[in-house]
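Have a look at start.cif below; it lists mmCIF, C-alpha atoms.
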data_data
#
loop_
_atom_site.label_atom_id
_atom_site.label_comp_id
_atom_site.auth_asym_id
_atom_site.auth_seq_id
_atom_site.Cartn_x
_atom_site.Cartn_y
_atom_site.Cartn_z
CA MET N 674 -99.70 13.76 -85.14
CA SER N 675 -97.87 16.94 -86.19
CA ALA N 676 -95.12 16.91 -88.80
CA VAL N 677 -93.11 19.32 -86.63
CA PRO N 678 -91.64 17.71 -83.52
CA GLY N 679 -92.09 19.57 -80.26
CA ARG N 680 -89.36 21.48 -78.44
CA PHE N 681 -87.79 19.91 -75.36
CA LEU N 682 -87.10 22.49 -72.62
CA THR N 683 -85.56 21.67 -69.24
CA ILE N 684 -85.29 23.89 -66.18
CA GLU N 685 -82.43 23.27 -63.77
CA GLY N 686 -81.04 24.65 -60.55
CA ILE N 687 -80.57 23.89 -56.87
CA GLU N 688 -83.31 23.88 -54.24
CA GLY N 689 -84.96 27.29 -53.73
CA VAL N 690 -84.03 29.03 -57.00
CA GLY N 691 -87.69 29.16 -58.08
CA LYS N 692 -87.89 26.34 -60.62
CA SER N 693 -91.50 25.38 -59.90
CA THR N 694 -92.66 28.98 -60.15
CA GLN N 695 -90.85 29.50 -63.45
CA VAL N 696 -92.14 26.21 -64.88
CA ALA N 697 -95.67 27.44 -64.12
CA ARG N 698 -95.00 30.88 -65.64
CA LEU N 699 -93.47 29.34 -68.76
CA SER N 700 -96.45 27.01 -69.13
CA GLN N 701 -98.77 30.03 -68.84
CA GLY N 702 -96.74 31.86 -71.50
CA LEU N 703 -96.98 28.87 -73.86
CA ASN N 704 -100.72 28.56 -73.23
CA GLU N 705 -101.22 32.24 -74.10
CA ARG N 706 -99.51 31.55 -77.43
CA GLY N 707 -101.53 28.38 -78.10
CA ILE N 708 -98.48 26.10 -77.94
CA ALA N 709 -99.50 22.55 -76.94
CA HIS N 710 -97.16 21.27 -74.26
CA VAL N 711 -96.83 19.00 -71.25
CA VAL N 712 -95.20 19.92 -67.96
CA THR N 713 -93.29 17.16 -66.22
CA ARG N 714 -90.44 16.56 -63.80
CA GLU N 715 -87.55 14.27 -62.93
CA PRO N 716 -87.07 12.01 -61.20
CA GLY N 717 -90.64 10.95 -61.97
CA GLY N 718 -93.10 12.20 -64.55
CA THR N 719 -95.07 8.95 -64.98
CA PRO N 720 -96.71 6.75 -62.31
CA LEU N 721 -93.98 4.13 -62.63
CA ALA N 722 -91.14 6.66 -62.57
CA GLU N 723 -92.74 8.39 -59.56
CA ARG N 724 -92.53 5.07 -57.68
CA ILE N 725 -88.78 5.07 -58.35
CA ARG N 726 -88.63 8.74 -57.26
CA GLU N 727 -90.15 7.84 -53.88
CA ILE N 728 -87.38 5.32 -53.26
CA VAL N 729 -84.68 7.86 -54.17
CA LEU N 730 -86.06 10.72 -52.11
CA SER N 731 -87.26 8.94 -48.96
CA SER N 732 -84.75 9.83 -46.27
CA ASP N 733 -82.25 7.27 -44.97
CA ASP N 734 -83.73 7.79 -41.49
CA ALA N 735 -87.21 6.83 -42.66
CA ARG N 736 -85.82 3.75 -44.40
CA GLY N 737 -83.43 2.60 -41.68
CA GLU N 738 -81.12 1.64 -44.55
CA THR N 739 -78.63 3.70 -46.55
CA LEU N 740 -79.00 4.14 -50.32
CA PRO N 741 -75.46 3.81 -51.76
CA PRO N 742 -74.51 6.61 -54.23
CA THR N 743 -74.15 4.16 -57.13
CA ALA N 744 -77.65 2.80 -56.45
CA GLU N 745 -78.99 6.37 -56.37
CA LEU N 746 -77.36 7.03 -59.76
CA LEU N 747 -78.83 3.85 -61.29
CA LEU N 748 -82.30 4.61 -59.92
CA MET N 749 -82.13 8.10 -61.43
CA PHE N 750 -81.34 6.65 -64.85
CA ALA N 751 -83.94 3.88 -64.48
CA ALA N 752 -86.58 6.54 -63.77
CA ARG N 753 -85.27 8.56 -66.71
CA ALA N 754 -85.50 5.57 -69.07
CA VAL N 755 -89.15 5.10 -68.07
CA HIS N 756 -89.93 8.81 -68.35
CA VAL N 757 -88.23 9.37 -71.70
CA THR N 758 -89.70 6.23 -73.30
CA ASN N 759 -93.23 6.55 -71.95
CA LEU N 760 -93.78 10.33 -71.84
CA VAL N 761 -91.07 12.60 -73.32
CA GLU N 762 -90.54 10.89 -76.69
CA PRO N 763 -94.23 10.21 -77.48
CA ASN N 764 -95.13 13.84 -76.77
CA LEU N 765 -92.26 15.31 -78.79
CA ARG N 766 -93.16 12.98 -81.70
CA ALA N 767 -96.77 14.17 -81.47
CA GLY N 768 -95.60 17.77 -81.88
CA ARG N 769 -96.12 18.81 -78.27
CA TRP N 770 -93.47 20.70 -76.36
CA VAL N 771 -92.15 19.11 -73.18
CA VAL N 772 -91.22 21.36 -70.26
CA CYS N 773 -89.29 19.33 -67.68
CA ASP N 774 -88.32 20.35 -64.14
CA ARG N 775 -84.79 18.85 -63.94
CA PHE N 776 -83.25 16.37 -66.40
CA ILE N 777 -79.81 15.03 -67.37
CA ASP N 778 -77.84 18.09 -66.15
CA ALA N 779 -79.22 17.49 -62.64
CA THR N 780 -77.53 14.08 -62.62
CA TYR N 781 -74.14 15.61 -63.47
CA ALA N 782 -74.76 18.29 -60.83
CA TYR N 783 -76.15 16.21 -57.95
CA GLN N 784 -74.70 12.73 -58.42
CA GLY N 785 -71.52 14.00 -60.15
CA GLY N 786 -70.79 17.30 -58.35
CA GLY N 787 -72.67 16.61 -55.12
CA ARG N 788 -71.93 12.91 -54.58
CA ARG N 789 -68.62 12.99 -56.50
CA LEU N 790 -69.52 10.05 -58.79
CA SER N 791 -67.43 9.88 -61.96
CA ALA N 792 -68.58 11.88 -64.96
CA ASP N 793 -67.45 8.97 -67.14
CA ALA N 794 -69.90 6.60 -65.45
CA ILE N 795 -72.67 9.18 -65.81
CA GLY N 796 -71.76 9.69 -69.47
CA ARG N 797 -72.01 5.96 -70.22
CA LEU N 798 -75.44 5.76 -68.61
CA GLU N 799 -76.49 8.91 -70.50
CA THR N 800 -75.60 7.24 -73.80
CA MET N 801 -77.36 4.00 -72.81
CA VAL N 802 -80.59 5.72 -71.77
CA LEU N 803 -80.84 8.83 -73.95
CA GLY N 804 -79.11 7.83 -77.19
CA ALA N 805 -78.94 11.13 -79.11
CA ARG N 806 -81.83 12.79 -77.24
CA ARG N 807 -80.84 16.05 -75.50
CA PRO N 808 -82.90 19.09 -74.43
CA ASP N 809 -83.26 21.72 -77.14
CA LEU N 810 -82.78 24.39 -74.49
CA THR N 811 -81.92 24.24 -70.80
CA LEU N 812 -82.64 27.15 -68.47
CA LEU N 813 -80.26 27.13 -65.51
CA LEU N 814 -81.67 29.23 -62.70
CA ASP N 815 -78.64 30.35 -60.75
CA ALA N 816 -78.42 32.05 -57.37
CA PRO N 817 -76.02 32.04 -54.41
CA VAL N 818 -76.46 28.89 -52.33
CA GLU N 819 -77.25 30.69 -49.06
CA GLN N 820 -79.98 32.76 -50.72
CA ALA N 821 -81.56 29.76 -52.43
CA LEU N 822 -81.42 27.48 -49.38
CA GLY N 823 -82.91 30.24 -47.21
CA ARG N 824 -85.86 30.38 -49.60
CA ALA N 825 -86.19 26.56 -49.67
CA ARG N 826 -86.10 26.34 -45.87
CA LYS N 827 -88.78 29.02 -45.53
CA ARG N 828 -91.00 27.14 -48.00
CA ASN N 829 -90.49 23.79 -46.30
CA ALA N 830 -90.80 24.99 -42.70
CA GLY N 831 -92.33 22.21 -40.65
CA ALA N 832 -92.07 19.58 -43.42
CA ALA N 833 -89.60 16.68 -43.23
CA ALA N 834 -86.55 17.18 -45.46
CA ASP N 835 -85.94 14.64 -48.22
CA ARG N 836 -82.49 13.09 -48.81
CA PHE N 837 -81.28 16.02 -50.89
CA GLU N 838 -82.85 18.79 -48.84
CA SER N 839 -81.07 17.48 -45.75
CA GLU N 840 -77.62 17.93 -47.35
CA ARG N 841 -75.35 20.75 -46.14
CA ALA N 842 -74.56 24.05 -47.89
CA GLU N 843 -71.15 22.68 -48.97
CA PHE N 844 -72.93 19.91 -50.94
CA PHE N 845 -75.04 22.49 -52.80
CA GLU N 846 -71.95 24.60 -53.54
CA ARG N 847 -70.56 21.57 -55.39
CA VAL N 848 -73.90 21.05 -57.16
CA ARG N 849 -74.02 24.71 -58.22
CA ASP N 850 -70.40 24.61 -59.43
CA ALA N 851 -71.15 21.50 -61.50
CA TYR N 852 -74.22 23.14 -63.03
CA ARG N 853 -72.21 26.25 -63.96
CA ALA N 854 -69.42 24.12 -65.43
CA ARG N 855 -72.01 22.35 -67.64
CA ALA N 856 -73.34 25.73 -68.80
CA ALA N 857 -69.83 27.00 -69.58
CA ALA N 858 -69.14 23.85 -71.64
CA GLU N 859 -72.44 24.01 -73.58
CA PRO N 860 -73.34 27.70 -73.87
CA ASP N 861 -75.56 27.19 -76.92
CA ARG N 862 -77.83 24.73 -75.12
CA ILE N 863 -77.69 25.96 -71.52
CA ALA N 864 -78.70 29.53 -70.67
CA VAL N 865 -77.74 30.80 -67.21
CA ILE N 866 -80.38 33.05 -65.70
CA ASP N 867 -79.82 35.16 -62.59
CA ALA N 868 -82.47 33.76 -60.25
CA SER N 869 -81.85 36.39 -57.60
CA GLN N 870 -83.89 38.79 -59.78
CA SER N 871 -87.66 39.19 -59.31
CA VAL N 872 -89.97 36.37 -60.42
CA ASP N 873 -91.39 38.62 -63.17
CA ARG N 874 -87.95 39.56 -64.47
CA VAL N 875 -86.86 35.89 -64.64
CA ALA N 876 -90.11 34.87 -66.38
CA THR N 877 -89.67 37.65 -68.95
CA GLN N 878 -86.07 36.69 -69.63
CA ILE N 879 -87.11 33.08 -70.29
CA LEU N 880 -89.73 34.15 -72.84
CA GLU N 881 -87.19 36.50 -74.45
CA LEU N 882 -84.82 33.56 -74.88
CA LEU N 883 -87.53 31.64 -76.75
CA GLU N 884 -88.34 34.69 -78.88
CA ALA N 885 -84.65 35.17 -79.75
CA ARG N 886 -84.68 31.61 -81.15
CA SER N 887 -87.90 32.42 -83.06
CA TRP N 888 -89.63 29.53 -81.27
CA ILE N 889 -92.40 31.85 -80.04
CA SER N 890 -93.44 35.38 -80.98
CA MET K 465 -65.39 -10.49 -36.77
CA SER K 466 -63.67 -13.57 -38.20
CA ALA K 467 -60.27 -13.35 -39.87
CA VAL K 468 -61.51 -15.73 -42.57
CA PRO K 469 -63.96 -14.13 -45.00
CA GLY K 470 -67.13 -16.07 -45.75
CA ARG K 471 -67.80 -17.95 -48.97
CA PHE K 472 -70.20 -16.43 -51.50
CA LEU K 473 -72.44 -19.03 -53.15
CA THR K 474 -75.10 -18.26 -55.74
CA ILE K 475 -77.80 -20.56 -57.11
CA GLU K 476 -79.08 -19.90 -60.61
CA GLY K 477 -81.59 -21.31 -63.05
CA ILE K 478 -84.91 -20.62 -64.75
CA GLU K 479 -88.33 -20.79 -63.08
CA GLY K 480 -89.24 -24.26 -61.80
CA VAL K 481 -85.78 -25.89 -61.58
CA GLY K 482 -86.03 -26.13 -57.78
CA LYS K 483 -83.82 -23.25 -56.64
CA SER K 484 -85.78 -22.43 -53.48
CA THR K 485 -85.80 -26.07 -52.39
CA GLN K 486 -82.06 -26.44 -52.96
CA VAL K 487 -81.28 -23.16 -51.19
CA ALA K 488 -83.18 -24.52 -48.16
CA ARG K 489 -81.40 -27.90 -48.35
CA LEU K 490 -77.99 -26.22 -48.67
CA SER K 491 -78.77 -23.99 -45.69
CA GLN K 492 -79.72 -27.08 -43.69
CA GLY K 493 -76.45 -28.77 -44.71
CA LEU K 494 -74.44 -25.72 -43.60
CA ASN K 495 -76.33 -25.57 -40.29
CA GLU K 496 -75.55 -29.23 -39.63
CA ARG K 497 -71.86 -28.39 -40.04
CA GLY K 498 -72.06 -25.27 -37.85
CA ILE K 499 -71.25 -22.89 -40.70
CA ALA K 500 -72.66 -19.41 -40.03
CA HIS K 501 -74.41 -18.12 -43.12
CA VAL K 502 -77.21 -15.91 -44.42
CA VAL K 503 -79.70 -16.88 -47.11
CA THR K 504 -80.77 -14.09 -49.44
CA ARG K 505 -82.06 -13.46 -52.94
CA GLU K 506 -81.99 -11.11 -55.89
CA PRO K 507 -83.52 -8.86 -56.88
CA GLY K 508 -84.07 -7.91 -53.25
CA GLY K 509 -82.46 -9.18 -50.07
CA THR K 510 -82.86 -5.99 -48.01
CA PRO K 511 -86.01 -3.93 -47.33
CA LEU K 512 -84.85 -1.21 -49.72
CA ALA K 513 -83.84 -3.65 -52.47
CA GLU K 514 -87.14 -5.50 -52.06
CA ARG K 515 -88.95 -2.23 -52.83
CA ILE K 516 -87.04 -2.08 -56.11
CA ARG K 517 -87.87 -5.77 -56.72
CA GLU K 518 -91.58 -5.00 -56.43
CA ILE K 519 -91.31 -2.41 -59.20
CA VAL K 520 -89.44 -4.83 -61.48
CA LEU K 521 -91.75 -7.78 -60.97
CA SER K 522 -95.17 -6.13 -60.90
CA SER K 523 -96.79 -6.98 -64.20
CA ASP K 524 -97.23 -4.38 -66.92
CA ASP K 525 -100.97 -5.01 -66.75
CA ALA K 526 -101.12 -4.16 -63.04
CA ARG K 527 -99.13 -0.99 -63.67
CA GLY K 528 -100.88 0.17 -66.81
CA GLU K 529 -97.43 1.29 -67.99
CA THR K 530 -94.63 -0.62 -69.68
CA LEU K 531 -91.22 -0.99 -68.05
CA PRO K 532 -88.66 -0.50 -70.85
CA PRO K 533 -85.92 -3.21 -70.95
CA THR K 534 -83.16 -0.68 -70.22
CA ALA K 535 -85.05 0.54 -67.14
CA GLU K 536 -85.46 -3.07 -66.00
CA LEU K 537 -81.70 -3.60 -66.36
CA LEU K 538 -80.88 -0.44 -64.39
CA LEU K 539 -83.33 -1.35 -61.62
CA MET K 540 -81.74 -4.80 -61.34
CA PHE K 541 -78.31 -3.23 -60.87
CA ALA K 542 -79.65 -0.57 -58.49
CA ALA K 543 -81.15 -3.31 -56.32
CA ARG K 544 -77.86 -5.23 -56.58
CA ALA K 545 -75.82 -2.19 -55.48
CA VAL K 546 -78.05 -1.87 -52.40
CA HIS K 547 -77.92 -5.60 -51.65
CA VAL K 548 -74.16 -6.01 -52.09
CA THR K 549 -73.29 -2.88 -50.10
CA ASN K 550 -75.75 -3.36 -47.25
CA LEU K 551 -75.92 -7.15 -46.88
CA VAL K 552 -73.52 -9.28 -48.95
CA GLU K 553 -70.23 -7.48 -48.23
CA PRO K 554 -70.78 -6.89 -44.49
CA ASN K 555 -71.65 -10.57 -43.98
CA LEU K 556 -68.70 -11.87 -45.99
CA ARG K 557 -66.37 -9.52 -44.09
CA ALA K 558 -67.78 -10.83 -40.81
CA GLY K 559 -66.85 -14.38 -41.86
CA ARG K 560 -70.38 -15.53 -42.65
CA TRP K 561 -71.19 -17.38 -45.84
CA VAL K 562 -73.77 -15.83 -48.14
CA VAL K 563 -76.13 -18.13 -50.09
CA CYS K 564 -77.94 -16.09 -52.73
CA ASP K 565 -80.89 -17.16 -54.88
CA ARG K 566 -79.91 -15.55 -58.23
CA PHE K 567 -77.16 -12.96 -58.76
CA ILE K 568 -75.12 -11.49 -61.62
CA ASP K 569 -75.47 -14.49 -63.96
CA ALA K 570 -79.26 -14.05 -63.87
CA THR K 571 -78.81 -10.59 -65.38
CA TYR K 572 -76.80 -11.97 -68.30
CA ALA K 573 -79.40 -14.73 -68.70
CA TYR K 574 -82.66 -12.78 -68.34
CA GLN K 575 -81.82 -9.24 -69.47
CA GLY K 576 -79.07 -10.36 -71.86
CA GLY K 577 -80.38 -13.66 -73.26
CA GLY K 578 -84.08 -13.13 -72.57
CA ARG K 579 -84.47 -9.42 -73.37
CA ARG K 580 -81.53 -9.33 -75.81
CA LEU K 581 -79.79 -6.38 -74.12
CA SER K 582 -76.11 -6.06 -74.99
CA ALA K 583 -73.61 -8.02 -72.91
CA ASP K 584 -71.29 -5.00 -73.16
CA ALA K 585 -73.81 -2.78 -71.39
CA ILE K 586 -74.33 -5.43 -68.73
CA GLY K 587 -70.56 -5.81 -68.33
CA ARG K 588 -70.07 -2.08 -67.76
CA LEU K 589 -72.78 -2.05 -65.08
CA GLU K 590 -71.27 -5.18 -63.51
CA THR K 591 -67.92 -3.39 -63.16
CA MET K 592 -69.57 -0.24 -61.79
CA VAL K 593 -71.61 -2.10 -59.16
CA LEU K 594 -69.51 -5.15 -58.23
CA GLY K 595 -65.92 -4.01 -58.72
CA ALA K 596 -63.94 -7.24 -58.29
CA ARG K 597 -66.62 -9.06 -56.25
CA ARG K 598 -67.83 -12.31 -57.86
CA PRO K 599 -69.41 -15.45 -56.38
CA ASP K 600 -66.89 -18.02 -55.16
CA LEU K 601 -69.12 -20.74 -56.60
CA THR K 602 -72.28 -20.67 -58.69
CA LEU K 603 -74.61 -23.65 -58.87
CA LEU K 604 -76.56 -23.64 -62.13
CA LEU K 605 -79.63 -25.88 -61.81
CA ASP K 606 -80.37 -26.91 -65.37
CA ALA K 607 -83.40 -28.70 -66.79
CA PRO K 608 -85.36 -28.69 -70.06
CA VAL K 609 -87.57 -25.61 -70.29
CA GLU K 610 -90.85 -27.52 -70.70
CA GLN K 611 -90.17 -29.64 -67.64
CA ALA K 612 -89.18 -26.64 -65.47
CA LEU K 613 -92.07 -24.46 -66.61
CA GLY K 614 -94.51 -27.30 -66.01
CA ARG K 615 -93.31 -27.49 -62.42
CA ALA K 616 -93.49 -23.69 -62.00
CA ARG K 617 -97.03 -23.57 -63.42
CA LYS K 618 -98.17 -26.34 -61.07
CA ARG K 619 -96.69 -24.49 -58.09
CA ASN K 620 -98.24 -21.15 -59.08
CA ALA K 621 -101.67 -22.47 -60.08
CA GLY K 622 -104.22 -19.79 -59.29
CA ALA K 623 -101.65 -17.08 -58.52
CA ALA K 624 -101.09 -14.11 -60.86
CA ALA K 625 -97.92 -14.45 -62.94
CA ASP K 626 -95.21 -11.79 -62.51
CA ARG K 627 -93.50 -10.11 -65.49
CA PHE K 628 -91.03 -12.94 -65.99
CA GLU K 629 -93.39 -15.82 -65.29
CA SER K 630 -95.73 -14.54 -67.99
CA GLU K 631 -93.02 -14.82 -70.68
CA ARG K 632 -93.28 -17.60 -73.29
CA ALA K 633 -91.24 -20.80 -73.48
CA GLU K 634 -89.13 -19.30 -76.27
CA PHE K 635 -87.98 -16.55 -73.86
CA PHE K 636 -86.88 -19.16 -71.31
CA GLU K 637 -85.03 -21.14 -73.98
CA ARG K 638 -82.93 -18.02 -74.60
CA VAL K 639 -82.44 -17.57 -70.84
CA ARG K 640 -81.36 -21.20 -70.44
CA ASP K 641 -78.98 -20.94 -73.41
CA ALA K 642 -77.40 -17.80 -71.93
CA TYR K 643 -76.96 -19.52 -68.56
CA ARG K 644 -75.28 -22.52 -70.20
CA ALA K 645 -73.02 -20.27 -72.25
CA ARG K 646 -71.90 -18.53 -69.03
CA ALA K 647 -71.15 -21.91 -67.45
CA ALA K 648 -69.15 -23.03 -70.50
CA ALA K 649 -67.11 -19.81 -70.36
CA GLU K 650 -66.41 -20.02 -66.61
CA PRO K 651 -66.32 -23.74 -65.75
CA ASP K 652 -64.25 -23.21 -62.58
CA ARG K 653 -66.80 -20.89 -61.02
CA ILE K 654 -70.09 -22.21 -62.44
CA ALA K 655 -71.11 -25.85 -61.86
CA VAL K 656 -73.96 -27.16 -63.98
CA ILE K 657 -76.22 -29.54 -62.07
CA ASP K 658 -78.86 -31.72 -63.73
CA ALA K 659 -82.02 -30.46 -62.02
CA SER K 660 -84.20 -33.16 -63.57
CA GLN K 661 -82.78 -35.55 -60.98
CA SER K 662 -84.50 -36.10 -57.61
CA VAL K 663 -84.35 -33.33 -54.99
CA ASP K 664 -82.18 -35.55 -52.76
CA ARG K 665 -79.73 -36.33 -55.54
CA VAL K 666 -79.33 -32.64 -56.45
CA ALA K 667 -78.87 -31.69 -52.77
CA THR K 668 -76.22 -34.36 -52.35
CA GLN K 669 -74.35 -33.26 -55.47
CA ILE K 670 -74.22 -29.69 -54.19
CA LEU K 671 -72.70 -30.77 -50.87
CA GLU K 672 -70.22 -32.99 -52.73
CA LEU K 673 -69.11 -29.96 -54.76
CA LEU K 674 -68.36 -28.08 -51.53
CA GLU K 675 -66.53 -31.11 -50.09
CA ALA K 676 -64.44 -31.42 -53.25
CA ARG K 677 -63.27 -27.84 -52.66
CA SER K 678 -62.54 -28.68 -48.98
CA TRP K 679 -64.94 -25.92 -47.91
CA ILE K 680 -66.95 -28.36 -45.83
CA SER K 681 -66.28 -31.88 -44.61
#
Structure encoded using structure tokens:
Amino acid sequence: MSAVPGRFLTIEGIEGVGKSTQVARLSQGLNERGIAHVVTREPGGTPLAERIREIVLSSDDARGETLPPTAELLLMFAARAVHVTNLVEPNLRAGRWVVCDRFIDATYAYQGGGRRLSADAIGRLETMVLGARRPDLTLLLDAPVEQALGRARKRNAGAAADRFESERAEFFERVRDAYRARAAAEPDRIAVIDASQSVDRVATQILELLEARSWIS
Amino acid sequence: MSAVPGRFLTIEGIEGVGKSTQVARLSQGLNERGIAHVVTREPGGTPLAERIREIVLSSDDARGETLPPTAELLLMFAARAVHVTNLVEPNLRAGRWVVCDRFIDATYAYQGGGRRLSADAIGRLETMVLGARRPDLTLLLDAPVEQALGRARKRNAGAAADRFESERAEFFERVRDAYRARAAAEPDRIAVIDASQSVDRVATQILELLEARSWIS
């Protein structure tokens, strides 16, 4: 066990902005610098939390039963409680970095902005589940909705859409607005990155952000 | 659709007090009087909520991963949000009675009393998920823990215990105490019934309680 706790990095953004690619590039960059880390995602990240993820993402059509927005919100936080307790905290305590594809800001963006659930309710659940734990740095990959969704549709051609992928552009406009509002309110923690740039340019900018904080060299 | 909303009855108590038997007897009594009703249970009651139930009840051993108490609480309320929205409310609105094996009081008893989670946190989730909806009448089947657990163990002989069944007697003493404290605080809604009496005597007392309210004759 290291005396220095690991850094907690989260990557956020709507479908199609290139999160998975940038998580992989960031992991490669950390490996090249010998920084021990785990890559994970929400909802999910552990076998138990992935079981909750399946329930959240399976489409209403496939289920023949609607998932009410409040139930979706509670499942997201249940999965988060499992993930944080069983994976995020133990790794950070052991000195490993944690790189997470989506985290708390996604709840404010999707369930708050997208589904219009109250930010107060989300805030109370955040306190209950996270206590004082917050990401050390959040990278918000931002691009116009039409551009991002076009990329997501191309990638998923032929595959069945999950409950979020089947939402309309107007839903994702609200999600994007909520993400940007979070970034404006917490500029020190959340860095907005123009995801319409090339993959290489985005990957370089992310590493530069870590260098500027003297977390890597 | 009836102009008269249905009655919402819940049956509560620890393992082995005879809830399932009394739910069946009550249903039979309602059928004999031509009262349209549905019998359901928590956690669960709909296909989607039953999927959440499976996650909550599967033992930590079977999962190889611990379910943190806060996650358990959030899953219970997620399943409840699904159940209330998709089954309880539509049936009550249609004039049918709903007879539910465990409901909100079980959360205060098991997650509050048993797991020692804060009643404040439970109360906030209750408001978020139930709004003003509460049972019209709750039947608390009460018996000494050793007697009830002895009956439950006999019934389950040879079967694997779920996460709650594998708790110790001391856990169920806390659950029973929390149930009785709820009943003392809300005597008009919660009727305590001595479950150490014969099955017939308990069934008769339950019907007498409904007659006393002029809900049946």
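Rounded to one decimal, CA of Ile725 in chain N and CA of Thr800 in chain N lie 20.4 Å from each other.
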Starting from the shown file, work through the PyMOL selection byres ((chain K and resi 489) around 10) and note down what comes out as a compact mmCIF listing (two decimals) with C-alpha atoms, keeping the file's coordinate frame.
# COMPACT_ATOMS: atom_id res chain seq x y z
CA LYS K 483 -83.82 -23.25 -56.64
CA SER K 484 -85.78 -22.43 -53.48
CA THR K 485 -85.80 -26.07 -52.39
CA GLN K 486 -82.06 -26.44 -52.96
CA VAL K 487 -81.28 -23.16 -51.19
CA ALA K 488 -83.18 -24.52 -48.16
CA LEU K 490 -77.99 -26.22 -48.67
CA SER K 491 -78.77 -23.99 -45.69
CA GLN K 492 -79.72 -27.08 -43.69
CA GLY K 493 -76.45 -28.77 -44.71
CA LEU K 494 -74.44 -25.72 -43.60
CA ASN K 495 -76.33 -25.57 -40.29
CA VAL K 663 -84.35 -33.33 -54.99
CA ASP K 664 -82.18 -35.55 -52.76
CA VAL K 666 -79.33 -32.64 -56.45
CA ALA K 667 -78.87 -31.69 -52.77
CA THR K 668 -76.22 -34.36 -52.35
CA ILE K 670 -74.22 -29.69 -54.19
CA LEU K 671 -72.70 -30.77 -50.87
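The smallest atom-to-atom distance between chain K and any of N:Asn829, N:Thr758, N:Gln784, N:Asn764, using all atoms listed in the file, is found for N:Thr758.
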Which distance in Å separates CA of Pro533 in chain K and CA of Glu799 in chain N, to one decimal? 15.4 Å
Under the PyMOL selection byres ((chain K) within 10 of (chain N)), which residues of this model are included? Write them out as a PyMOL selection string. chain K and resi 510-513+515-516+519+527-550+585+588-589+592-593
Write out as a PyMOL selection string which residues come within 6 Å of range 596-610 of chain K when counting only C-alpha atoms, dropping same-chain ones fewer than 3 positions away. chain K and resi 472-477+613-614+653-660
Once the PyMOL selection byres ((chain N and resi 709) around 8) is applied to the coordinates I shared, what remains selected? I want it as a PyMOL selection string. chain N and resi 703-704+707-708+710-711+768-770
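You will find CA of Arg836 in chain N at 18.9 Å from CA of Ile777 in chain N.
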Give the padded box for range 842-847 of chain N as AutoDock Vina command-line options: axis-aligned, covering all atoms listed in the file, 3 Å on each side, centre and edge lengths in Å to one decimal.
--center_x -72.8 --center_y 22.3 --center_z -51.6 --size_x 10.5 --size_y 10.7 --size_z 13.5
